[in-house]
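Printed here is entry_25.tsv (TSV, C-alpha atoms):
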```tsv
chain	number	residue	atom	x	y	z
C	11	MET	CA	40.40	82.10	128.95
C	12	ARG	CA	37.05	80.63	127.95
C	13	ILE	CA	34.00	82.16	126.23
C	14	HIS	CA	30.60	80.57	125.83
C	15	PHE	CA	27.68	81.86	123.74
C	16	HIS	CA	24.00	81.29	124.30
C	17	ARG	CA	20.81	83.00	123.16
C	18	ASP	CA	17.77	82.99	125.42
C	19	GLY	CA	19.20	80.05	127.33
C	20	THR	CA	20.13	78.05	124.22
C	21	ASP	CA	23.81	77.24	123.60
C	22	GLU	CA	25.21	78.52	120.30
C	23	LEU	CA	28.35	78.48	118.20
C	24	LEU	CA	29.49	81.43	116.10
C	25	PRO	CA	28.34	81.07	112.49
C	26	SER	CA	30.81	79.37	110.17
C	27	GLY	CA	33.47	81.77	108.92
C	28	PHE	CA	33.27	84.17	111.87
C	29	GLY	CA	36.33	85.19	113.88
C	30	MET	CA	36.59	86.42	117.47
C	31	ALA	CA	39.01	88.36	119.66
C	32	LEU	CA	39.10	89.79	123.17
C	33	TYR	CA	41.03	92.92	124.15
C	34	ILE	CA	41.73	94.63	127.47
C	35	VAL	CA	42.14	98.35	126.78
C	36	ARG	CA	42.95	101.40	128.89
C	37	ALA	CA	42.55	104.90	127.44
C	38	GLY	CA	43.15	103.61	123.92
C	39	THR	CA	46.21	101.56	124.94
C	40	LEU	CA	46.11	97.80	124.46
C	41	LEU	CA	47.05	96.02	127.71
C	42	ALA	CA	46.23	92.44	126.77
C	43	ALA	CA	44.74	90.47	123.90
C	44	CYS	CA	43.45	87.04	123.01
C	45	ASP	CA	42.92	86.79	119.27
C	46	GLU	CA	43.19	83.06	118.67
C	47	PHE	CA	40.50	80.74	119.99
C	48	THR	CA	39.96	77.01	119.70
C	49	THR	CA	36.41	76.25	118.57
C	50	PRO	CA	34.53	73.75	120.76
C	51	GLY	CA	33.24	70.55	119.23
C	52	ALA	CA	29.68	71.31	120.30
C	53	ALA	CA	27.60	74.35	121.22
C	54	THR	CA	27.69	73.31	124.88
C	55	GLY	CA	31.49	73.76	124.96
C	56	ASN	CA	33.70	76.82	125.35
C	57	TYR	CA	35.89	78.78	122.98
C	58	SER	CA	39.32	78.68	124.64
C	59	GLY	CA	42.41	80.83	124.12
C	60	THR	CA	45.47	82.32	125.83
C	61	VAL	CA	45.52	85.95	126.96
C	62	ILE	CA	48.79	87.66	126.01
C	63	LEU	CA	49.79	90.47	128.39
C	64	HIS	CA	51.45	93.59	127.01
C	65	THR	CA	53.91	94.09	129.83
C	66	ASP	CA	55.33	97.51	128.90
C	67	PRO	CA	52.02	99.44	129.11
C	68	LEU	CA	51.04	97.48	132.23
C	69	THR	CA	54.34	98.38	133.89
C	70	ASP	CA	53.90	102.03	132.91
C	71	ALA	CA	50.35	102.06	134.30
C	72	PHE	CA	51.57	100.81	137.68
C	73	ALA	CA	54.79	102.84	137.73
C	74	ALA	CA	53.69	104.87	140.76
C	75	ALA	CA	53.72	102.82	143.98
C	76	ALA	CA	50.48	104.48	145.13
C	77	VAL	CA	48.56	103.16	142.10
C	78	LEU	CA	46.85	99.97	143.26
C	79	THR	CA	44.17	99.64	140.54
C	80	ILE	CA	43.62	100.99	137.04
C	81	ALA	CA	40.37	101.28	135.14
C	82	ALA	CA	40.16	99.39	131.85
C	83	SER	CA	37.61	97.89	129.52
C	84	ILE	CA	37.15	94.37	128.18
C	85	GLU	CA	36.11	94.38	124.52
C	86	VAL	CA	34.83	91.32	122.71
C	87	HIS	CA	34.92	91.44	118.89
C	88	TRP	CA	33.57	89.08	116.32
C	89	TRP	CA	33.44	89.50	112.58
C	90	ALA	CA	32.55	87.68	109.40
C	91	SER	CA	35.22	86.26	107.15
C	92	GLY	CA	36.76	89.04	105.04
C	93	GLU	CA	35.93	91.85	107.49
C	94	ALA	CA	38.63	93.73	109.40
C	95	SER	CA	39.21	92.89	113.06
C	96	SER	CA	40.41	95.66	115.33
C	97	PRO	CA	39.42	97.37	118.59
C	98	ALA	CA	37.85	100.14	116.48
C	99	ILE	CA	34.85	97.91	115.67
C	100	SER	CA	34.16	96.66	119.18
C	101	ASP	CA	30.74	95.08	119.62
C	102	ASN	CA	30.59	94.83	123.41
C	103	VAL	CA	32.48	96.68	126.15
C	104	VAL	CA	32.62	95.67	129.82
C	105	LEU	CA	34.22	97.93	132.42
C	106	ALA	CA	36.93	96.35	134.53
C	107	GLN	CA	39.50	97.07	137.24
C	108	ILE	CA	43.04	95.73	136.97
C	109	ILE	CA	44.60	95.23	140.42
C	110	ARG	CA	48.28	95.47	141.26
C	111	PRO	CA	49.68	92.03	142.23
C	112	ALA	CA	49.62	91.52	146.00
C	113	VAL	CA	52.90	89.59	145.92
C	114	ALA	CA	56.05	91.15	144.55
C	115	PRO	CA	57.89	89.10	141.93
C	116	GLU	CA	60.87	87.07	143.05
C	117	PRO	CA	64.32	88.53	142.41
C	118	ALA	CA	66.24	87.25	139.40
C	119	SER	CA	68.76	85.53	141.65
C	120	VAL	CA	68.01	83.38	144.68
C	121	GLU	CA	69.30	84.84	147.92
C	122	ALA	CA	70.58	82.35	150.48
C	123	LEU	CA	69.76	83.51	154.00
C	124	ASP	CA	72.56	83.20	156.53
C	125	GLY	CA	71.74	80.49	159.04
C	126	GLY	CA	68.80	79.19	157.03
C	127	GLU	CA	70.01	75.59	156.92
C	128	GLU	CA	70.76	75.58	160.65
C	129	TRP	CA	67.33	77.06	161.42
C	130	LEU	CA	65.61	74.33	159.42
C	131	GLU	CA	67.84	71.60	160.86
C	132	GLN	CA	66.73	72.40	164.40
C	133	ARG	CA	63.03	72.67	163.57
C	134	SER	CA	62.35	69.61	161.46
C	135	ALA	CA	62.81	65.87	161.39
C	136	ARG	CA	65.56	64.98	158.94
C	137	TRP	CA	65.50	61.76	156.97
C	138	MET	CA	69.12	60.65	156.70
C	139	PRO	CA	69.40	57.63	154.39
C	140	ALA	CA	73.22	57.85	154.34
C	141	ILE	CA	73.37	56.84	158.02
C	142	ILE	CA	73.34	53.03	158.10
C	143	GLY	CA	74.79	52.39	161.57
C	144	LEU	CA	74.86	53.85	165.06
C	145	THR	CA	78.49	53.73	166.19
C	146	GLY	CA	81.91	53.55	164.63
C	147	GLY	CA	82.29	57.13	163.44
C	148	GLY	CA	82.39	58.55	159.95
C	149	ILE	CA	79.72	59.88	157.64
C	150	THR	CA	77.65	56.68	157.69
C	151	LYS	CA	77.25	56.40	161.48
C	152	LEU	CA	75.02	58.33	163.86
C	153	ASP	CA	77.87	59.13	166.25
C	154	GLY	CA	79.80	60.66	163.34
C	155	LEU	CA	77.31	63.53	162.90
C	156	THR	CA	78.57	66.93	164.02
C	157	THR	CA	76.68	68.09	167.11
C	158	ASP	CA	78.90	70.80	168.62
C	159	GLY	CA	77.00	74.09	168.69
C	160	LYS	CA	73.70	72.39	167.83
C	161	ALA	CA	70.75	71.31	169.95
C	162	ASP	CA	67.51	69.35	169.73
C	163	LEU	CA	68.34	67.76	166.37
C	164	PHE	CA	65.82	65.12	165.31
C	165	VAL	CA	66.78	62.47	162.75
C	166	VAL	CA	65.02	59.52	161.18
C	167	LEU	CA	67.25	56.57	160.28
C	168	ARG	CA	66.87	53.18	158.65
C	169	ILE	CA	69.02	50.76	160.60
C	170	ALA	CA	68.93	47.09	159.56
C	171	SER	CA	65.57	47.51	157.79
C	172	GLU	CA	64.09	49.25	160.85
C	173	LEU	CA	63.01	52.89	161.03
C	174	GLN	CA	64.39	54.64	164.08
C	175	ASP	CA	63.90	58.15	165.51
C	176	TRP	CA	66.76	59.78	167.44
C	177	ILE	CA	66.90	63.15	169.18
C	178	LEU	CA	69.98	65.02	170.35
C	179	THR	CA	69.53	66.08	173.95
C	180	ALA	CA	71.63	67.46	176.79
C	181	GLY	CA	73.12	64.73	178.94
C	182	THR	CA	76.19	62.84	180.06
C	183	THR	CA	74.81	59.29	180.01
C	184	ALA	CA	77.37	56.71	178.98
C	185	GLU	CA	76.96	55.17	175.55
C	186	ASP	CA	74.64	52.17	175.37
C	187	ALA	CA	73.46	51.85	171.77
C	188	ASP	CA	71.48	48.67	172.41
C	189	ASN	CA	69.36	50.56	174.93
C	190	GLY	CA	68.97	53.77	172.91
C	191	ILE	CA	71.92	55.94	173.97
C	192	VAL	CA	74.65	57.01	171.53
C	193	ARG	CA	77.38	59.52	172.35
C	194	PRO	CA	78.49	61.62	169.37
C	195	ASP	CA	82.19	61.52	168.53
C	196	ASP	CA	82.48	65.25	169.23
C	197	TYR	CA	81.04	64.85	172.74
C	198	ALA	CA	83.13	66.88	175.19
C	199	THR	CA	82.82	67.42	178.92
C	200	THR	CA	81.42	70.88	179.77
C	201	THR	CA	81.59	72.17	176.17
C	202	ASN	CA	79.39	69.65	174.35
C	203	GLU	CA	77.59	67.39	176.79
C	204	GLN	CA	74.97	65.94	174.50
C	205	VAL	CA	73.87	62.44	173.60
C	206	TRP	CA	71.57	60.86	171.03
C	207	LYS	CA	68.48	59.22	172.55
C	208	ARG	CA	66.25	56.86	170.66
C	209	LEU	CA	62.53	57.68	170.62
C	210	ARG	CA	61.35	54.86	168.39
```
Just give me the structure as structure tokens.
Amino acid sequence: MRIHFHRDGTDELLPSGFGMALYIVRAGTLLAACDEFTTPGAATGNYSGTVILHTDPLTDAFAAAAVLTIAASIEVHWWASGEASSPAISDNVVLAQIIRPAVAPEPASVEALDGGEEWLEQRSARWMPAIIGLTGGGITKLDGLTTDGKADLFVVLRIASELQDWILTAGTTAEDADNGIVRPDDYATTTNEQVWKRLR
């Protein structure tokens, strides 16, 4: 957070030896505080500090699901060296509303959605640097990719220093890699009649 002082349009720094703090308070309960500020190098700069949230009272304040906002006050304190610094000697108070977060926090553990990878695979172009050839089978060839039960796969390959786009589409065309047709190794009549066709 940043605070800047000016008087009648003129930038000012706090007098030497003065301290400053900012508190967010609700019904006498401290919800957040910033009591350490970095002093700017010139009056035109900003005092900067980190607001520390007091999570227990904030959680209690929003315990009921129906509570969407809570009323609070923002208190700015400053004091001369040797004086006490506490919310009891607040100099300025500004009314404020604290709003419940619109997005719920993520769970502690990541939940993998069933079918998520398959959903993404059929709706995006996949860069596959491990594929370095078109035919010959295996994990480094286009025809070695599993296609049974899949459709409309789109892959981007780098074959002999050339970028190529291939899409899996229904068809029974005979293999002709030089002219942009590759039959997957798991091609099967009636049950998996699909071929790879080159787009680029």
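Residue nearest Thr145 in chain C within the list C:Asp66, C:Asp45, C:Asp188, C:Asp18: C:Asp188 [criterion: smallest interatomic distance, all atoms listed in the file].
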Quote the spacing between CA of Ala180 in chain C and CA of Glu203 in chain C in Å to one decimal place.
6.0 Å
Mind checking which residues fall within 12 Å of Asn189 in chain C, counting only C-alpha atoms, ignoring those fewer than 5 positions away in the same chain, and posting them as a ChimeraX atom specification?
/C:144,183-184,206-210
Requested write-out: C-alpha atoms of the selected residues, as a PDB file, in the frame of the given file:
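Result written to selection_22.pdb:
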```pdb
ATOM      1  CA  LEU C 144      74.860  53.850 165.060  1.00  0.00           C
ATOM      2  CA  THR C 183      74.810  59.290 180.010  1.00  0.00           C
ATOM      3  CA  ALA C 184      77.370  56.710 178.980  1.00  0.00           C
ATOM      4  CA  TRP C 206      71.570  60.860 171.030  1.00  0.00           C
ATOM      5  CA  LYS C 207      68.480  59.220 172.550  1.00  0.00           C
ATOM      6  CA  ARG C 208      66.250  56.860 170.660  1.00  0.00           C
ATOM      7  CA  LEU C 209      62.530  57.680 170.620  1.00  0.00           C
ATOM      8  CA  ARG C 210      61.350  54.860 168.390  1.00  0.00           C
TER       9      ARG C 210
END
```
Counting only C-alpha atoms, closest pick from C:Ile149, C:Ala170, C:Ile177, C:Ile80 relative to Gln132 in chain C is C:Ile177
Within-12 Å shell of (75.6, 74.2, 179.2) in input frame, all atoms listed in the file, as a PDB file with C-alpha atoms, in the frame of the given file:
```pdb
ATOM      1  CA  ASP C 158      78.900  70.800 168.620  1.00  0.00           C
ATOM      2  CA  GLY C 159      77.000  74.090 168.690  1.00  0.00           C
ATOM      3  CA  LYS C 160      73.700  72.390 167.830  1.00  0.00           C
ATOM      4  CA  ALA C 161      70.750  71.310 169.950  1.00  0.00           C
ATOM      5  CA  THR C 179      69.530  66.080 173.950  1.00  0.00           C
ATOM      6  CA  ALA C 180      71.630  67.460 176.790  1.00  0.00           C
ATOM      7  CA  GLY C 181      73.120  64.730 178.940  1.00  0.00           C
ATOM      8  CA  THR C 182      76.190  62.840 180.060  1.00  0.00           C
ATOM      9  CA  ALA C 198      83.130  66.880 175.190  1.00  0.00           C
ATOM     10  CA  THR C 199      82.820  67.420 178.920  1.00  0.00           C
ATOM     11  CA  THR C 200      81.420  70.880 179.770  1.00  0.00           C
ATOM     12  CA  THR C 201      81.590  72.170 176.170  1.00  0.00           C
ATOM     13  CA  ASN C 202      79.390  69.650 174.350  1.00  0.00           C
ATOM     14  CA  GLU C 203      77.590  67.390 176.790  1.00  0.00           C
ATOM     15  CA  GLN C 204      74.970  65.940 174.500  1.00  0.00           C
TER      16      GLN C 204
END
```
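Of the listed residues (C:Pro50, C:Glu128, C:Ser119, C:Arg133), C:Pro50 comes nearest to Asp21 in chain C; the distances count all atoms listed in the file.
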What is the distance, in Å and to one decimal place, between CA of Ala31 in chain C and CA of Phe15 in chain C?
13.7 Å
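The closest residue to Asn56 in chain C, picked from C:Ala81, C:Met11, C:Ala90, C:Leu68 and counting only C-alpha atoms, is C:Met11.
The coordinates place CA of Cys44 in chain C at 25.5 Å from CA of Val77 in chain C.
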Padding 4 Å on each side, edges along x, y and z: where is the centre of the box around the listed atoms of range 157-162 of chain C, and how long are its edges in Å to one decimal? Output it as lines of an AutoDock Vina configuration file.
```
center_x = 73.2
center_y = 71.1
center_z = 168.5
size_x = 19.4
size_y = 14.0
size_z = 10.8
```
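Closest approach to Arg17 in chain C from the set C:Leu63, C:Thr79, C:Gly143, C:Ala53 is made by C:Ala53, with distances taken over only C-alpha atoms.
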